[in-house]
Amino acid sequence: MSDLVADLLAGKHSALARVITKIENRSPGYREIISDLHQHTGTADVIGVTGSPGAGKSTLVDKVAATYREQGLTVGVIAIDPSSPFSGGAVLGDRIRMASNAGDMDMFFRSMSARGSLGGLSTATTDAVTALDAFGKDKIIVETVGAGQNEVDIVRTADTVAVLVPPGSGDDVQMLKAGILEIGDVFVVNKADLDGADRTVQQLREMLQGQSGRPNSGHHGATELAGGSDDAATDDADAVDDETEMWDPPIVETVANRGEGIEDFLNTLADHGAYLDRTGRREGQARERFAAEIRTLLREDANELLVDELDRRGGIEQYVDAVIERHTDPYTVVDEVLAPLRECLDEPPDES
Amino acid sequence: MSVEQEQTERTIRCLVAKVGLDGHDRGAHVIARALRDAGFEVIYSGLHRAPDEVVQAAVQEDVDVVGISILSGAHNTLVPKILDGLREYDAFDDRLILVGGIVPDDDQEELRGQGVDEIFGPGASMEEMIDYIHENAPER
């Protein structure tokens, strides 16, 4: 185990920060670090927060984090901002909103940029969550602009996903287009004091009810409201139904900059946490997540091996030339390059 | 990881911090933007930060460069507090500490003595600063 890992596990803030830097840069040795940290994880509750720019994500996260801190919990936040595809530079501004937690070292806030060139932002996020989890954070919040597949992947690292919708964010079609209705476990209409908030709540409700695969479980309404305190009782009574129990995403109204509705929001998050535990879905999600992580890493690593193989064969340009001259075609090229690999994998290892 | 990727220069992270009661942030904004366009990742602190907030940001964000903008004349009080905080969290050695603003010559010597790496006053050009960062950014 490296010194850095030991320092991180001992609770040294600068070590945690440095580990995340190594993860971001894919510095040599970062894989060993993650491997060492993995066994120390599994205790944190991970919450994803997403929504359009200006929806109030950072402000909400700030208030949520402050409330957790008041409860004596430690919090880690990863805020992801876009970076310029041209210069690679970025101004990461989410920190400005973290006014409620200023100077509090047990509130670890880290800005990450979506560095296009390095790829695999969701891998980096997953690894950063691993680092925060191993450090011993009780609550980890991943905050990102919800604007595409990449963001959806990032948010999937979370146990509970909150989607922020600002009032007046367009008609029904706009919300459908965003395509994030499916990933939300909790919907938050922030800036609920603005005109049009009621309408937005109404529209959201209609759209969520219209979704397939999420039948209304009216029967469970009461138990969900009761929260996690009487888990044991609920377990006994509903033991048969538990596995089929569906989660009906609630809509919470908040005015984050004034701190209104934060309690409601936290209770809803807790309800969802209890639901995950009650139905065994938390474990299911973790299994899916690790499966996805293994697949992603396999794909990335295999890809790198193939890049090297291409170089050994004289680079991709000669193949491109041949394809342009119509001597061959892309499928044949791929078959040719992959042939040795396919032989290795298909044939059983030599007995002799 | 391919050889090519390993050889590309790592991204330099800079904190641009406004500390104390000084409310003049135009310069800090201009600098933040120039650093971004130079390919750095810039974390902007926002106005009216206390020294311990700057320390918190510098440690957690693991920045290579801590840029402190002070136009209020309170540098002799505020900068040492930041430097002490960075030392406390073991985050001083491999970080470049820059001060921007109006700092009299006598004070400049003192600040340098305390651990500030460079001071950019009125008239300093962006190129000068960006080149300085490229040349002096700590090896990690």
# chains A, B, ... in the order shown; residues from 1 in each chain; ligands from 1
call {"tool": "interface_residues", "arguments": {"of": "chain A", "to": "chain B", "cutoff": "8 Å", "atoms": "only C-alpha atoms", "output": "PyMOL selection string"}}
result
chain A and resi 13-14+16-18+21+25+87-93+95-96+102-105+108-111+113+118+301+304+307-308
call {"tool": "select_by_dssp", "arguments": {"residues": "region 43-140 of chain B", "states": "helix (DSSP H, G or I)", "output": "MDAnalysis selection string"}}
result
chainID B and resid 51:60 75:88 105:114 126:136
call {"tool": "residues_around", "arguments": {"residues": "Glu109 (chain B)", "least_positions_apart": "5", "cutoff": "12 Å", "atoms": "only C-alpha atoms", "output": "JSON, numbers by chain"}}
result
{"B": [76, 103, 104, 114, 115, 116, 117, 118, 119]}
call {"tool": "write_last_selection", "arguments": {"atoms": "N, CA, C and O atoms", "output": "tab-separated table (two decimals), in the first residue's frame"}}
result
chain	number	residue	atom	x	y	z
B	76	ASN	N	-0.79	42.23	3.83
B	76	ASN	CA	0.10	41.83	4.93
B	76	ASN	C	-0.64	41.05	6.02
B	76	ASN	O	-0.02	40.32	6.78
B	103	VAL	N	0.76	46.02	-4.49
B	103	VAL	CA	1.58	45.69	-3.33
B	103	VAL	C	2.84	46.55	-3.37
B	103	VAL	O	3.65	46.42	-4.29
B	104	PRO	N	3.03	47.44	-2.39
B	104	PRO	CA	4.24	48.29	-2.37
B	104	PRO	C	5.51	47.45	-2.31
B	104	PRO	O	5.50	46.33	-1.80
B	114	GLN	N	7.96	35.28	3.12
B	114	GLN	CA	7.03	34.38	3.81
B	114	GLN	C	6.63	33.18	2.96
B	114	GLN	O	5.99	32.25	3.46
B	115	GLY	N	6.92	33.23	1.68
B	115	GLY	CA	6.62	32.06	0.86
B	115	GLY	C	5.85	32.33	-0.41
B	115	GLY	O	5.51	31.40	-1.14
B	116	VAL	N	5.55	33.60	-0.69
B	116	VAL	CA	4.89	33.92	-1.96
B	116	VAL	C	5.92	33.78	-3.08
B	116	VAL	O	7.05	34.25	-2.95
B	117	ASP	N	5.54	33.12	-4.16
B	117	ASP	CA	6.50	32.87	-5.23
B	117	ASP	C	6.66	34.07	-6.16
B	117	ASP	O	7.75	34.38	-6.59
B	118	GLU	N	5.55	34.72	-6.48
B	118	GLU	CA	5.66	35.84	-7.40
B	118	GLU	C	4.50	36.80	-7.18
B	118	GLU	O	3.42	36.39	-6.72
B	119	ILE	N	4.76	38.09	-7.48
B	119	ILE	CA	3.73	39.11	-7.31
B	119	ILE	C	3.56	39.85	-8.63
B	119	ILE	O	4.54	40.29	-9.24
call {"tool": "select_by_dssp", "arguments": {"residues": "chain B", "states": "strand (DSSP E or B)", "output": "list in words"}}
result
Arg13, Cys14, Leu15, Val16, Ala17, Lys18, Val19, Glu41, Val42, Ile43, Tyr44, Arg49, Val65, Val66, Gly67, Ile68, Ser69, Ile70, Leu96, Ile97, Leu98, Val99, Gly100, Gly101, Glu118, Ile119 and Phe120 of chain B
call {"tool": "write_last_selection", "arguments": {"atoms": "C-alpha atoms", "output": "PDB file, in the first residue's frame"}}
result
ATOM      1  CA  ARG B  13      -5.282  23.716 -12.096  1.00  0.00           C
ATOM      2  CA  CYS B  14      -5.397  27.246 -10.760  1.00  0.00           C
ATOM      3  CA  LEU B  15      -7.385  28.805  -7.954  1.00  0.00           C
ATOM      4  CA  VAL B  16      -8.249  32.451  -8.464  1.00  0.00           C
ATOM      5  CA  ALA B  17      -9.216  33.792  -5.062  1.00  0.00           C
ATOM      6  CA  LYS B  18     -10.601  37.077  -3.866  1.00  0.00           C
ATOM      7  CA  VAL B  19      -9.937  37.443  -0.184  1.00  0.00           C
ATOM      8  CA  GLU B  41      -8.605  24.616 -15.274  1.00  0.00           C
ATOM      9  CA  VAL B  42      -9.619  27.567 -13.189  1.00  0.00           C
ATOM     10  CA  ILE B  43     -11.516  27.457  -9.929  1.00  0.00           C
ATOM     11  CA  TYR B  44     -12.889  30.863  -9.052  1.00  0.00           C
ATOM     12  CA  ARG B  49     -13.535  34.907   0.982  1.00  0.00           C
ATOM     13  CA  VAL B  65      -1.383  27.473  -8.509  1.00  0.00           C
ATOM     14  CA  VAL B  66      -2.995  29.582  -5.803  1.00  0.00           C
ATOM     15  CA  GLY B  67      -3.651  33.057  -7.217  1.00  0.00           C
ATOM     16  CA  ILE B  68      -4.665  35.594  -4.618  1.00  0.00           C
ATOM     17  CA  SER B  69      -6.096  38.866  -5.830  1.00  0.00           C
ATOM     18  CA  ILE B  70      -6.020  41.708  -3.301  1.00  0.00           C
ATOM     19  CA  LEU B  96       2.844  27.978  -6.653  1.00  0.00           C
ATOM     20  CA  ILE B  97       1.593  30.963  -4.659  1.00  0.00           C
ATOM     21  CA  LEU B  98       0.941  34.102  -6.677  1.00  0.00           C
ATOM     22  CA  VAL B  99      -0.354  37.454  -5.501  1.00  0.00           C
ATOM     23  CA  GLY B 100      -1.959  39.973  -7.801  1.00  0.00           C
ATOM     24  CA  GLY B 101      -2.810  43.523  -6.934  1.00  0.00           C
ATOM     25  CA  GLU B 118       5.659  35.845  -7.401  1.00  0.00           C
ATOM     26  CA  ILE B 119       3.732  39.114  -7.305  1.00  0.00           C
ATOM     27  CA  PHE B 120       2.065  40.617 -10.337  1.00  0.00           C
TER      28      PHE B 120
END
call {"tool": "residues_around", "arguments": {"residues": "region 31-38 of chain A", "least_positions_apart": "6", "cutoff": "10 Å", "atoms": "only C-alpha atoms", "output": "VMD selection string"}}
result
chain A and resid 1 to 2 4 to 6 8 to 9 19 22 to 23 127 to 128 130 to 135
call {"tool": "write_last_selection", "arguments": {"atoms": "N, CA, C and O atoms", "output": "compact mmCIF listing (two decimals), in the first residue's frame"}}
result
# COMPACT_ATOMS: atom_id res chain seq x y z
N MET A 1 0.85 -1.20 0.00
CA MET A 1 0.00 0.00 0.00
C MET A 1 0.89 1.25 0.00
O MET A 1 1.85 1.34 0.76
N SER A 2 0.58 2.18 -0.86
CA SER A 2 1.42 3.36 -0.96
C SER A 2 1.16 4.32 0.19
O SER A 2 0.15 4.23 0.89
N LEU A 4 0.41 7.36 -0.03
CA LEU A 4 -0.74 8.19 -0.34
C LEU A 4 -2.03 7.52 0.13
O LEU A 4 -2.89 8.15 0.75
N VAL A 5 -2.14 6.22 -0.14
CA VAL A 5 -3.33 5.48 0.28
C VAL A 5 -3.42 5.46 1.80
O VAL A 5 -4.48 5.69 2.38
N ALA A 6 -2.27 5.24 2.45
CA ALA A 6 -2.25 5.21 3.92
C ALA A 6 -2.68 6.56 4.47
O ALA A 6 -3.47 6.63 5.43
N LEU A 8 -4.54 8.80 3.01
CA LEU A 8 -5.96 9.01 2.74
C LEU A 8 -6.80 8.27 3.78
O LEU A 8 -7.71 8.85 4.37
N LEU A 9 -6.44 7.01 4.03
CA LEU A 9 -7.22 6.22 4.98
C LEU A 9 -7.09 6.78 6.40
O LEU A 9 -7.98 6.63 7.22
N VAL A 19 -5.19 12.11 -4.48
CA VAL A 19 -5.68 10.88 -5.11
C VAL A 19 -6.67 11.22 -6.23
O VAL A 19 -6.62 10.67 -7.32
N LYS A 22 -4.85 12.37 -9.21
CA LYS A 22 -4.26 11.25 -9.97
C LYS A 22 -5.32 10.53 -10.79
O LYS A 22 -5.07 10.10 -11.91
N ILE A 23 -6.51 10.41 -10.21
CA ILE A 23 -7.61 9.78 -10.94
C ILE A 23 -7.95 10.60 -12.18
O ILE A 23 -8.12 10.06 -13.27
N ASP A 127 -14.39 6.48 -9.79
CA ASP A 127 -13.17 6.33 -8.99
C ASP A 127 -13.08 7.40 -7.91
O ASP A 127 -12.63 7.12 -6.78
N ALA A 128 -13.50 8.62 -8.24
CA ALA A 128 -13.47 9.70 -7.24
C ALA A 128 -14.45 9.39 -6.11
O ALA A 128 -14.15 9.64 -4.94
N THR A 130 -15.21 6.41 -5.17
CA THR A 130 -14.50 5.37 -4.41
C THR A 130 -13.56 6.00 -3.39
O THR A 130 -13.52 5.58 -2.23
N ALA A 131 -12.82 7.03 -3.84
CA ALA A 131 -11.85 7.69 -2.95
C ALA A 131 -12.56 8.34 -1.77
O ALA A 131 -12.13 8.21 -0.62
N LEU A 132 -13.66 9.04 -2.06
CA LEU A 132 -14.41 9.72 -0.99
C LEU A 132 -15.02 8.70 -0.02
O LEU A 132 -15.03 8.91 1.20
N ASP A 133 -15.51 7.61 -0.58
CA ASP A 133 -16.11 6.55 0.23
C ASP A 133 -15.05 5.94 1.16
O ASP A 133 -15.27 5.79 2.37
N ALA A 134 -13.90 5.64 0.60
CA ALA A 134 -12.83 5.06 1.41
C ALA A 134 -12.34 6.02 2.48
O ALA A 134 -11.92 5.61 3.56
N PHE A 135 -12.40 7.30 2.17
CA PHE A 135 -12.00 8.32 3.13
C PHE A 135 -12.94 8.32 4.33
O PHE A 135 -12.59 8.80 5.40
call {"tool": "atom_distance", "arguments": {"atom1": "CA of Leu269 (chain A)", "atom2": "CA of Ser122 (chain A)"}}
result
22.7 Å
call {"tool": "atom_distance", "arguments": {"atom1": "CA of Ser58 (chain A)", "atom2": "CA of Met107 (chain A)"}}
result
14.0 Å
call {"tool": "closest_residue", "arguments": {"among": "A:Ala10, A:Val129, A:Leu60, A:Ala44", "to": "Val188 (chain A)", "atoms": "only C-alpha atoms"}}
result
A:Leu60
